[in-house]
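The block underneath contains the structure these notes are about, expressed in C-alpha cells.
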Amino acid sequence: MSGVPHKQVFAFQEGHAQMLHLLGGKGANLAEMVRLGLPVPPGFTVTTEACRDFYEQGGQTTEELRGQIAAALKRLELEKGQVFGDSCNPLLVSVRSGSVTSMPGMMDTVLNLGLNDATVEGLANHTHNARFAYDCYRRFIQMYGNVVLNIEGFHFERLLHELKQQEGTELDQAITVEGWQRLIASYKACILQKTGRVFPQDVNEQLYLAVEAVFRSWHNPRAQIYRKVHQIPDHQGTAVNIQSMVFGNMGDDSGTGVIFSRNPSNGENVLFGEYLVNAQGEDVVAGVRTPMPIAALENEMPAVYNHLYSVAKQLERHYKDMQDIEFTVENGKLYLLQTRSGKRNAQAAMKIAVDLVSEGSISKEDSLRRIEVSHLDQLLHRGMDESKITQVLATGLPASPGAATGQVVFDADTAVEWNRMGKRVILARQETTPEDIHGMIASEGVLTSRGGMTSHAAVVARGMGTPCICGCEGIQFMEKEKAMQIAGHVLKEGDWVTLDGTTGRVIEGSIPLREAEMTPELTQMLEWADEIRTLQVYTNADNPKDAETARRFGAEGIGLCRTEHMFFAPERLPVVQQMILADNIGERNRALTQLLPMQQADFEGIFRNMDGLPVTIRLLDPPLHEFLPNIEELLRQLSQLNGEDPETPAKKKELQVLIRKVRLLHETNPMLGQRGCRLGIVYPEIYDMQIEAIFLAADTCMAEGIDVRPELMVPLVGHAAELQLIRGRIEEIAKRILGAEKSKVLAYKVGTMIEVPRAALTAKQIVQYADFFSFGTNDLTQMTFGYSRDDAEGKFLTRYLDQKLLPQNPFQVLDTDGVGQLIEMAVAGGRTVKPSLKTGICGEHGGDKASILFCQRTGLNYVSCSPFRVPLARIAAAQAQLEVKAAEERTPAAVL
Ligand code: PEP
Ligand code: MG
C-alpha cells in the first residue's frame with residue numbers, strides 16, 4: 001500500500017451510528033452510546049476496511065495498523081489511568097468482532113486480554129481479590145488457547161471438569177484461588193503440548209494475534225454458512241472492538257446479562273432478558289449456567305435494575321426500535337457493552353411495529369418497511385392440533401415459538417444427512433454451539449436441555465424462525481445409545497417428537513400441525529399495506545377450499561386455477577385415462593361427458609367462494625402422459641403374469657394394448673411437446689368440455705345471484721394464431737350455453753399465459769386476441785434459460801448456486817436481467833395496442849418479495865401466489881410501492 005495511511009482505528013468518542021459500514025454494528029453503536037453519555041467502558045474500533053486489507057495482504061496486519069492500534073491503546077491507558085502489561089494496575093481489554101450485519105455468536109471474542117504471570121498478581125493486589133484475578137486468568141488462557149491458538153475447547157473443558165472433581169464441586173464459584181492456579185498450570189501445559197510453544201507473556205503479542213484471529217474468524221465455516229443463509233456479502237469483513245474490561249465476576253454485587261427492551265418472542269412491551277450473578281459475558285450466551293430472569297434483578301439490585309430500565313427505554317427511543325442490550329455490573333455499577341436492533345420472531349415483529357406506530361415513534365410506512373416478509377410465511381404456518389396431543393413429556397423454555405414435528409437426532413451432521421434424505425428432523429442437544437448451525441438449518445425444530453432464552457440455540461433459532469425449546473432440564477442424553485431419557489421415556493434416534501416452541505412443551509409422537517390464525521397486529525399491518533399498495537394480490541387456487549382460505553387472507557381474485565389438478569383425484573383419474581386412451585371420438589366423448597359435471601361442480605364451488613372477484617381458469621396444460629400409468633410398472637405387471645391363471649391371456653392382451661397406447665403417447669421432451677394450447681388444438685373436445693363446464697357453472701351461479709367473473713386463460717401460446725383459434729371456440733360455446741343476452745351480461749374475459757419466449761416477443765400480435773396477459777414465469781424461466789425445471793434443481797442448479805454462478809435460484813427469485821426483459825417487452829408491446837391491458841404474474845415468483853418489487857416497477861396489475869403467501873404478498877406489494885415511490889423522489893423526472 002502506498003500514499004497517506006488510512007485511519008483504520010477510531011476511539012469510541014470519534015464515531016457514531018452512521019459509521020456502520022466502517023465500524024461494524026457493535027463499534028458504531030458503542031460510539032453512539034458514548035455520544036449519548038451512557039456508561040460505556042472506553043475503547044476503540046479497528047475498521048472493517050482494516051479487515052479487508054488484512055485479507056489483501058495475505059492474512060497479515062500491516063505495521064501501519066499496529067502503529068495505529070498502539071497509539072489508540074496509549075490514549076486508552078491515559079483515559080483509564082492504567083497501563084497495558086503493568087504489573088501493579090494492569091489495563092485489561094476485550095477483543096470482539098463486530099460485522100456490519102449482526103451475526104450473533106458466529107465470530108470470535110477474547111476477554112481479559114493483557115493478563116500474564118505478572119499482571120495477574122497486579123490485578124490480585126489492586127482488587128484485593130486473588131480468587132477473582134486467577135479466575136480471569138484461567139478464562140483468558142482458555143479463550144485465547146481456543147480462539148487464537150486453535151486448540152479445541154473440549155481439552156480445556158476436560159481439565160476444568162477434572163479440577164471440579166478433585167475439589168468436589170460442580171460450581172465455578174466454589175473453586176479456590178489455589179484451584180484456579182492449578183488449572184492455569186495445566187492449561188499452560190496443554191498449550192505447550194498442543195502447539196509446542198509456551199503461552200505468550202508479551203501482552204502486545206497477545207493483542208495483535210487476537211486481532212488477527214478475529215479477522216480470520218470472518219471466514220470460519222459457521223460464519224460462512226450463516227452469511228450464505230442470510231445473504232450477507234462475503235467481502236464485507238468484520239471490525240474489531242478493543243474495549244477496557246469491566247468485570248461481572250467480581251463477587252455477588254457483580255454480574256452480566258442480556259436484555260431486550262421488549263419481549264422478542266411476543267412483542268410485549270416489558271423488559272425481557274436474563275442475567276447471571278458473578279459471571280462474565282460468555283457465560284450467559286454460551287448457555288452453560290441457566291440464568292435468572294431479568295425481573296429478579298429488580299429485587300436483587302433495584303438501583304441497577306432501574307438504571308437498566310431507563311437506559312433500555314432511552315436507547316429504544318433513540319433508535320426507534322426494540323434493542324438487544326448486553327450489560328455488565330461491576331461492584332454495583334452498570335456498564336453497557338452493546339446495543340443493536342433485537343432479533344425477533346414474526347409475531348413479535350408485527351406487534352412491536354404496530355405498537356411503535358401507536359406510540360408515535362415511527363410512521364405506518366416505516367413499520368411496513370421493517371417487516372421481514374420471510375418471517376410472515378412462518379407466522380402463517382405454525383401451530384398444532386391440540387386435540388391430538390398424546391403425552392407431554394416435559395416442558396422447557398419457550399425460546400422460539402411455533403410447532404414442529406420430526407424424527408429426533410442428536411447431532412448436527414445427522415440432521416443434515418437425514419434432511420437430505422427427505423426426512424423431517426428435530427435436533428436435540430445438551431446445548432448448541434455455533435458449530436451446530438448447519439444442523440439447526442436442516443431441522444424443523446431445536447431442543448436443548450441447558451441454556452436460557454438468550455442462549456445460542458434460542459437466539460439463532462428465533463432469527464431463523466425455527467421453533468425451539470431450551471433449558472429442558474428433564475432430559476438426559478445417553479450418548480452411546482444414541483438416545484435421550486425424558487420423563488421416564490427413552491426416545492431413540494429416529495423416534496418422532498413434536499415441539500411447541502410457543503409454550504415450551506415437548507410432546508411424544510408426531511402431532512398434526514395446523515395453520516396459524518391472523519393476529520390483530522397482522523390484520524392491522526395488512527390494512528396499512530392495503531392502503532398503500534397499488535399492485536393487486538390474487539391467489540393460485542384449484543379448489544373451493546383453497547379459494548376460501550385465500551379469500552380469508554385477503555386475495556382479491558384467483559390468478560391461476562390449474563384445472564389439471566382436478567383431474568388427479570382418485571375417483572377421476574380412471575375416467576381421465578379412458579378419455580386419453582380412447583380409440584375414437586365417440587369413446588372420448590363418453591369419458592368427457594362423465595368429467596363435465598365434475599369440473600362444473602368444482603367451478604361452481606370456486607365461483608361461490610369468490611363471489612364478486614375475478615377467477616382465472618386455465619384450460620388443460622400438462623402433457624397427457626402425465627395422467628397415464630408408468631410404462632415400467634406396466635412392463636413389470638406383464639412379466640409377472642401367472643401362466644397357470646386362466647384369465648392371463650385376456651389380461652396379457654389388455655396390458656399389451658395399454659402399453660402400446662402409452663408408448664404412442666410417449667414424448668422425448670414432454671415439457672416442450674404436446675401440451676398447453678397444442679393439446680386443445682389437437683383434441684378440441686377436451687377444451688370444449690372444460691369451456692362448457694365453466695359457462696354452465698357460471699350460469700348456475702348467476703341464477704343464484706352470485707357475481708361471477710370468469711377469466712379463461714389459454715396456456716403455452718407462442719403464436720397469435722393459436723389464441724385466435726381458441727378464443728373463437730370460447731366465444732362460440734359461451735353464446736351457445738348462455739344465449740346472446742346472458743353472454744353479454746357475464747363479463748367474462750379471455751386471456752393468455754405468456755410463458756413461451758416467442759409470446760413475449762410477439763406480444764403486439766397476440767394481444768389482439770387477449771384481454772389479459774398472465775406471466776407464467778415458471779415456464780418462462782425454464783424456456784429462457786433452457787433449464788428443465790424438473791431436472792435443474794436436483795442436478796446442476798445447486799452446483800451453480802454453490803459456485804455463485806447464479807446469484808439466486810431463478811425458479812424462486814425472478815431473473816430480472818433476462819426473463820425480466822421479456823416481461824417488460826411483452827407489457828410494453830401489449831399496451832401499445834391495448835393501453836389498459838390487464839397484466840399479472842402467476843408463476844412461483846408471485847409470492848417472492850424481490851420479484852414482487854420487479855412487478856411493481858414494470859407496472860403489472862397483479863401478482864398471484866399460493867393462499868398462504870397472500871398476506872406476505874400484500875405486505876411485499878406495499879413495500880414495493882414505498883420503494884418505487886422513494887426512488888422516484890430521489891430521481892425527479894427530467895425537466896423537458
Ligand atoms: C408457469 O409456467 O409459471 C405456470 C404458472 O404454469 P405451470 O407452473 O403450471 O406450468
Ligand atoms: Mg406454465
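Scheme for the C-alpha cells: letters A, B, ... for chains in order shown; per-chain residue numbers from 1; ligand numbers from 1 in order shown.
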
Could you report the residues within 7 Å of ligand 2, using only C-alpha atoms and all ligand atoms, as a list of chain:residue names?
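Sorted by chain and then by number, the residues are A:Pro715, A:Leu716, A:Glu755, A:Gly776, A:Asn778, A:Asp779.
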
If you run DSSP on this backbone, which residues of segment 748-838 of chain A come out as helix (DSSP H, G or I), and could you give them as number ranges by chain?
A: 757-761, 763-769, 777-785, 789-792, 796-802, 819-833

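Residues in contact with Ser866 of chain A at up to 9 Å, not including ones fewer than 4 positions away on its chain and judged by only C-alpha atoms, are Tyr538, Thr539, Asn540, Ala541, Asp546, Ala550, Glu844, Gly846, Gly847 and Val870 of chain A.
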
Per residue of chain A within 9 Å of ligand 1, which atom pair is closest and at what distance in Å (one decimal), using only C-alpha atoms and all ligand atoms, listed by chain and increasing number, as JSON lines?
{"residue": "A:Asn540", "atom": "CA", "partner": "ligand 1", "partner_atom_place_in_ligand_line": "5 (C)", "distance": 8.6}
{"residue": "A:Leu560", "atom": "CA", "partner": "ligand 1", "partner_atom_place_in_ligand_line": "5 (C)", "distance": 7.1}
{"residue": "A:Arg562", "atom": "CA", "partner": "ligand 1", "partner_atom_place_in_ligand_line": "9 (O)", "distance": 6.5}
{"residue": "A:Glu564", "atom": "CA", "partner": "ligand 1", "partner_atom_place_in_ligand_line": "9 (O)", "distance": 8.9}
{"residue": "A:Asp621", "atom": "CA", "partner": "ligand 1", "partner_atom_place_in_ligand_line": "9 (O)", "distance": 7.1}
{"residue": "A:Pro622", "atom": "CA", "partner": "ligand 1", "partner_atom_place_in_ligand_line": "10 (O)", "distance": 7.4}
{"residue": "A:Met671", "atom": "CA", "partner": "ligand 1", "partner_atom_place_in_ligand_line": "10 (O)", "distance": 8.9}
{"residue": "A:Gly676", "atom": "CA", "partner": "ligand 1", "partner_atom_place_in_ligand_line": "10 (O)", "distance": 8.9}
{"residue": "A:Pro715", "atom": "CA", "partner": "ligand 1", "partner_atom_place_in_ligand_line": "6 (O)", "distance": 7.8}
{"residue": "A:Leu716", "atom": "CA", "partner": "ligand 1", "partner_atom_place_in_ligand_line": "2 (O)", "distance": 8.2}
{"residue": "A:Met753", "atom": "CA", "partner": "ligand 1", "partner_atom_place_in_ligand_line": "4 (C)", "distance": 8.0}
{"residue": "A:Ile754", "atom": "CA", "partner": "ligand 1", "partner_atom_place_in_ligand_line": "2 (O)", "distance": 8.5}
{"residue": "A:Glu755", "atom": "CA", "partner": "ligand 1", "partner_atom_place_in_ligand_line": "2 (O)", "distance": 5.9}
{"residue": "A:Val756", "atom": "CA", "partner": "ligand 1", "partner_atom_place_in_ligand_line": "2 (O)", "distance": 8.8}
{"residue": "A:Ser774", "atom": "CA", "partner": "ligand 1", "partner_atom_place_in_ligand_line": "5 (C)", "distance": 8.6}
{"residue": "A:Phe775", "atom": "CA", "partner": "ligand 1", "partner_atom_place_in_ligand_line": "3 (O)", "distance": 6.6}
{"residue": "A:Gly776", "atom": "CA", "partner": "ligand 1", "partner_atom_place_in_ligand_line": "3 (O)", "distance": 3.0}
{"residue": "A:Thr777", "atom": "CA", "partner": "ligand 1", "partner_atom_place_in_ligand_line": "3 (O)", "distance": 3.9}
{"residue": "A:Asn778", "atom": "CA", "partner": "ligand 1", "partner_atom_place_in_ligand_line": "3 (O)", "distance": 3.4}
{"residue": "A:Asp779", "atom": "CA", "partner": "ligand 1", "partner_atom_place_in_ligand_line": "2 (O)", "distance": 3.7}
{"residue": "A:Leu780", "atom": "CA", "partner": "ligand 1", "partner_atom_place_in_ligand_line": "2 (O)", "distance": 6.3}
{"residue": "A:Thr781", "atom": "CA", "partner": "ligand 1", "partner_atom_place_in_ligand_line": "3 (O)", "distance": 8.0}
{"residue": "A:Gln782", "atom": "CA", "partner": "ligand 1", "partner_atom_place_in_ligand_line": "2 (O)", "distance": 8.3}
{"residue": "A:Ile841", "atom": "CA", "partner": "ligand 1", "partner_atom_place_in_ligand_line": "3 (O)", "distance": 7.8}
{"residue": "A:Cys842", "atom": "CA", "partner": "ligand 1", "partner_atom_place_in_ligand_line": "5 (C)", "distance": 5.0}
{"residue": "A:Gly843", "atom": "CA", "partner": "ligand 1", "partner_atom_place_in_ligand_line": "3 (O)", "distance": 3.5}
{"residue": "A:Glu844", "atom": "CA", "partner": "ligand 1", "partner_atom_place_in_ligand_line": "3 (O)", "distance": 6.5}
{"residue": "A:His845", "atom": "CA", "partner": "ligand 1", "partner_atom_place_in_ligand_line": "3 (O)", "distance": 8.2}

Non-local contacts of Gln578 of chain A (12 Å; only C-alpha atoms; under 4 positions in same chain excluded) as a list in words:
Arg572, Leu573, Pro574, Ala582, Asp583, Asn584, Ile585, Gly586, Glu587, Arg588, Asn589, Arg590, Ala591, Leu592, Thr593, Gln594, Leu595, Leu624, Phe627, Leu628, Pro629, Leu658 and Lys661 of chain A
